[in-house]
Amino acid sequence: MLPEHLRADVRTLWDYHDLRHAPRRSDVGIGLGSRDPGVAVHAAELFHAGCFPLIVFTGANAPTTVDRFPRGEAVHYREIALDLGVPDEAILVEPEARHTGENIAFTRRLLAERGIAVRTVTLVSRPYQQRRAYATAKRLWSEADVVCAAKSVSLEDYVAGSEEAERVIGMLVGETQRITAYAERGLTIPQRVPPGVERAFGRLVEAGFTQRLVTVRVDDH
């Protein structure tokens with residue numbers, strides 16, 4: 001449950017990272033690996049809705065995911081999608097990516113190796129990863145027409161249904177830092193951070209939600 005005195009600031013960050021892109025037909029859907037099995041579920045839903053004919057699940061493991069997906073994020077995502085009726089031939093697995101930059105770069109390479117032409121892409125991610133995923137893709141795959149998708153869920157339901165509040169708040173704070181930090185280092189395209197978002201971010205950092213803040217290296221995004 002979200003602490004009441006933090007709720008407004010947490011919601012400000014949550015709303016900022018939700019790009020609210022309209023669903024559309026794309027050449028490929030890319031499910032970005034994470035702790036959240038809802039990414040695979042939503043990718044399967046979009047596939048069945050005719051949004052794309054092919055899904056690439058991408059992701060190895062990270063310290064935050066190895067307990068949940070010991071054989072790799074993409075491998076487990078594929079199994080979830082198969083259980084939801086996505087045909088095996090409509091799924092590719094990219095099992096090596098360790099962060100979002102590699103998710104994009106390695107998926108692009110895999111599709112090129114398979115001779116699959118891609119002009120339009122739907123990135124499927126956690127709700128609060130959309131903005132950074134988009135900014136990363138536009139830097140590393142600038143010619144692709146990219147939209148983002150995430151399961152439509154309220155902040156309260158997401159916290160109650162999948163993660164404890166402290167983890168979600170920490171992730172939101174970390175994602176917000178990365179919007180500016182990664183753009184300054186040329187890892188993502190620049191995006192505006194409104195003053196209200198900056199203030200909410202600062203108050204949550206002061207409240208101690210610093211576990212996902214990073215010292216950025218050029219090979220870690």
# chains A, B, ... in the order shown; residues from 1 in each chain; ligands from 1
$ closest_atom_pairs --of "range 119-180 of chain A" --to "range 39-49 of chain A" --cutoff "8 Å" --atoms "only C-alpha atoms" --output "tab-separated table"
residue	atom	partner	partner_atom	distance
A:Val124	CA	A:Val39	CA	6.2
A:Ser125	CA	A:Val39	CA	5.5
A:Arg126	CA	A:Val39	CA	6.1
A:Ala150	CA	A:His42	CA	6.8
A:Lys151	CA	A:His42	CA	5.8
$ residues_around --residues "Thr210 in chain A" --least-positions-apart "5" --cutoff "10 Å" --atoms "only C-alpha atoms" --output "PyMOL selection string"
chain A and resi 169-171+173-174+204-205
$ closest_atom_pairs --of "range 65-138 of chain A" --to "range 182-197 of chain A" --cutoff "10 Å" --atoms "only C-alpha atoms" --output "tab-separated table"
residue	atom	partner	partner_atom	distance
A:Gly101	CA	A:Leu187	CA	8.0
A:Arg131	CA	A:Gln191	CA	8.7
A:Arg132	CA	A:Thr188	CA	7.6
A:Ala133	CA	A:Thr188	CA	8.8
A:Tyr134	CA	A:Thr188	CA	8.5
A:Ala135	CA	A:Thr188	CA	5.0
A:Thr136	CA	A:Thr188	CA	4.6
A:Ala137	CA	A:Thr188	CA	7.7
A:Lys138	CA	A:Ile189	CA	6.5
$ write_last_selection --atoms "all heavy atoms" --output "short mmCIF file (atom, residue, chain, number, x, y, z; two decimals), in the first residue's frame"
data_model
loop_
_atom_site.label_atom_id
_atom_site.label_comp_id
_atom_site.auth_asym_id
_atom_site.auth_seq_id
_atom_site.Cartn_x
_atom_site.Cartn_y
_atom_site.Cartn_z
N GLY A 101 19.38 -0.76 -23.41
CA GLY A 101 20.14 -0.50 -24.62
C GLY A 101 20.44 -1.77 -25.38
O GLY A 101 20.32 -1.82 -26.61
N ARG A 131 8.82 5.56 -21.03
CA ARG A 131 9.50 6.76 -21.50
C ARG A 131 10.98 6.48 -21.80
O ARG A 131 11.51 6.90 -22.83
CB ARG A 131 9.35 7.89 -20.47
CG ARG A 131 9.95 9.21 -20.94
CD ARG A 131 9.61 10.33 -19.98
NE ARG A 131 8.19 10.68 -20.02
CZ ARG A 131 7.65 11.50 -20.92
NH1 ARG A 131 8.40 12.04 -21.87
NH2 ARG A 131 6.36 11.77 -20.88
N ARG A 132 11.64 5.75 -20.93
CA ARG A 132 13.06 5.46 -21.15
C ARG A 132 13.22 4.47 -22.31
O ARG A 132 14.17 4.59 -23.10
CB ARG A 132 13.70 4.91 -19.89
CG ARG A 132 15.19 4.60 -20.05
CD ARG A 132 15.85 4.37 -18.71
NE ARG A 132 15.28 3.24 -17.99
CZ ARG A 132 15.71 1.98 -18.13
NH1 ARG A 132 16.68 1.69 -18.97
NH2 ARG A 132 15.15 1.02 -17.42
N ALA A 133 12.33 3.50 -22.42
CA ALA A 133 12.41 2.56 -23.54
C ALA A 133 12.27 3.30 -24.87
O ALA A 133 13.03 3.04 -25.82
CB ALA A 133 11.33 1.50 -23.40
N TYR A 134 11.34 4.22 -24.93
CA TYR A 134 11.14 5.00 -26.15
C TYR A 134 12.38 5.82 -26.48
O TYR A 134 12.86 5.84 -27.62
CB TYR A 134 9.92 5.90 -25.99
CG TYR A 134 9.66 6.78 -27.19
CD1 TYR A 134 8.98 6.28 -28.30
CD2 TYR A 134 10.07 8.11 -27.21
CE1 TYR A 134 8.74 7.08 -29.41
CE2 TYR A 134 9.84 8.91 -28.32
CZ TYR A 134 9.17 8.40 -29.41
OH TYR A 134 8.94 9.18 -30.51
N ALA A 135 12.92 6.50 -25.47
CA ALA A 135 14.08 7.36 -25.69
C ALA A 135 15.30 6.55 -26.12
O ALA A 135 16.11 7.01 -26.93
CB ALA A 135 14.39 8.15 -24.42
N THR A 136 15.42 5.34 -25.58
CA THR A 136 16.53 4.47 -25.96
C THR A 136 16.38 4.01 -27.40
O THR A 136 17.34 4.03 -28.20
CB THR A 136 16.60 3.26 -25.03
OG1 THR A 136 16.73 3.70 -23.67
CG2 THR A 136 17.78 2.37 -25.37
N ALA A 137 15.18 3.57 -27.76
CA ALA A 137 14.95 3.09 -29.13
C ALA A 137 15.16 4.21 -30.15
O ALA A 137 15.74 3.97 -31.22
CB ALA A 137 13.54 2.53 -29.25
N LYS A 138 14.73 5.41 -29.85
CA LYS A 138 14.89 6.50 -30.80
C LYS A 138 16.35 6.89 -30.96
O LYS A 138 16.74 7.43 -32.01
CB LYS A 138 14.06 7.71 -30.37
CG LYS A 138 12.55 7.48 -30.41
CD LYS A 138 12.07 7.00 -31.77
CE LYS A 138 12.17 8.06 -32.84
NZ LYS A 138 11.64 7.57 -34.16
#
$ select_by_dssp --residues "range 14-206 of chain A" --states "helix (DSSP H, G or I)" --output "ChimeraX atom specification"
/A:14-17,38-48,73-83,88-90,100-113,127-140,155-161,165-184,195-206
$ atom_distance --atom1 "CA of Arg25 in chain A" --atom2 "CA of Phe69 in chain A"
29.5 Å
$ residues_around --residues "Thr64 in chain A" --least-positions-apart "3" --cutoff "8 Å" --atoms "only C-alpha atoms" --output "ChimeraX atom specification"
/A:35,61,67
$ write_last_selection --atoms "N, CA and C atoms" --output "PDB file, in the first residue's frame"
ATOM      1  N   ARG A  35      11.196  -7.976 -14.216  1.00  0.00           N
ATOM      2  CA  ARG A  35      10.586  -8.857 -13.212  1.00  0.00           C
ATOM      3  C   ARG A  35       9.108  -9.103 -13.471  1.00  0.00           C
ATOM      4  N   ASN A  61      19.311 -12.007 -17.567  1.00  0.00           N
ATOM      5  CA  ASN A  61      18.969 -11.908 -16.160  1.00  0.00           C
ATOM      6  C   ASN A  61      19.659 -10.708 -15.554  1.00  0.00           C
ATOM      7  N   ASP A  67      15.802 -14.392  -9.387  1.00  0.00           N
ATOM      8  CA  ASP A  67      15.012 -15.226  -8.492  1.00  0.00           C
ATOM      9  C   ASP A  67      13.674 -15.610  -9.115  1.00  0.00           C
TER      10      ASP A  67
END
$ closest_residue --among "A:Ala165, A:Ala181, A:Leu19, A:Ala74" --to "Phe57 in chain A" --atoms "only C-alpha atoms"
A:Ala74
$ closest_residue --among "A:Pro37, A:Leu92, A:Gly59, A:Ala97" --to "Ile80 in chain A" --atoms "only C-alpha atoms"
A:Pro37
$ closest_residue --among "A:Thr65, A:Gln129, A:Ser26, A:Thr176" --to "Ala144 in chain A" --atoms "only C-alpha atoms"
A:Ser26
$ closest_residue --among "A:Val121, A:Pro127, A:Arg98, A:Tyr16" --to "Ser152 in chain A" --atoms "only C-alpha atoms"
A:Pro127
$ select_by_dssp --residues "range 52-197 of chain A" --states "strand (DSSP E)" --output "list in words"
Ile55, Val56, Phe57, Thr58, Ile91, Leu92, Val93, Glu94, Thr120, Val121, Thr122, Leu123, Val124, Asp145, Val146, Val147, Cys148 and Ala149 of chain A
$ residues_around --residues "Arg167 in chain A" --least-positions-apart "6" --cutoff "9 Å" --atoms "only C-alpha atoms" --output "MDAnalysis selection string"
chainID A and resid 159 209 211
$ write_last_selection --atoms "N, CA, C and O atoms" --output "PDB file, in the first residue's frame"
ATOM      1  N   VAL A 159       0.759  -1.715  -7.598  1.00  0.00           N
ATOM      2  CA  VAL A 159       1.452  -1.965  -6.329  1.00  0.00           C
ATOM      3  C   VAL A 159       0.825  -3.156  -5.612  1.00  0.00           C
ATOM      4  O   VAL A 159       1.524  -4.045  -5.108  1.00  0.00           O
ATOM      5  N   PHE A 209      14.326   7.176  -1.038  1.00  0.00           N
ATOM      6  CA  PHE A 209      14.127   6.199  -2.110  1.00  0.00           C
ATOM      7  C   PHE A 209      15.252   6.327  -3.131  1.00  0.00           C
ATOM      8  O   PHE A 209      15.065   6.813  -4.249  1.00  0.00           O
ATOM      9  N   GLN A 211      17.516   3.618  -3.776  1.00  0.00           N
ATOM     10  CA  GLN A 211      18.101   2.310  -4.059  1.00  0.00           C
ATOM     11  C   GLN A 211      18.315   2.060  -5.538  1.00  0.00           C
ATOM     12  O   GLN A 211      19.163   1.231  -5.913  1.00  0.00           O
TER      13      GLN A 211
END
$ residues_around --residues "Ile91 in chain A" --least-positions-apart "6" --cutoff "6 Å" --atoms "only C-alpha atoms" --output "list in words"
Leu54, Ile55 and Val56 of chain A
$ atom_distance --atom1 "CA of Thr58 in chain A" --atom2 "CA of Glu96 in chain A"
7.5 Å
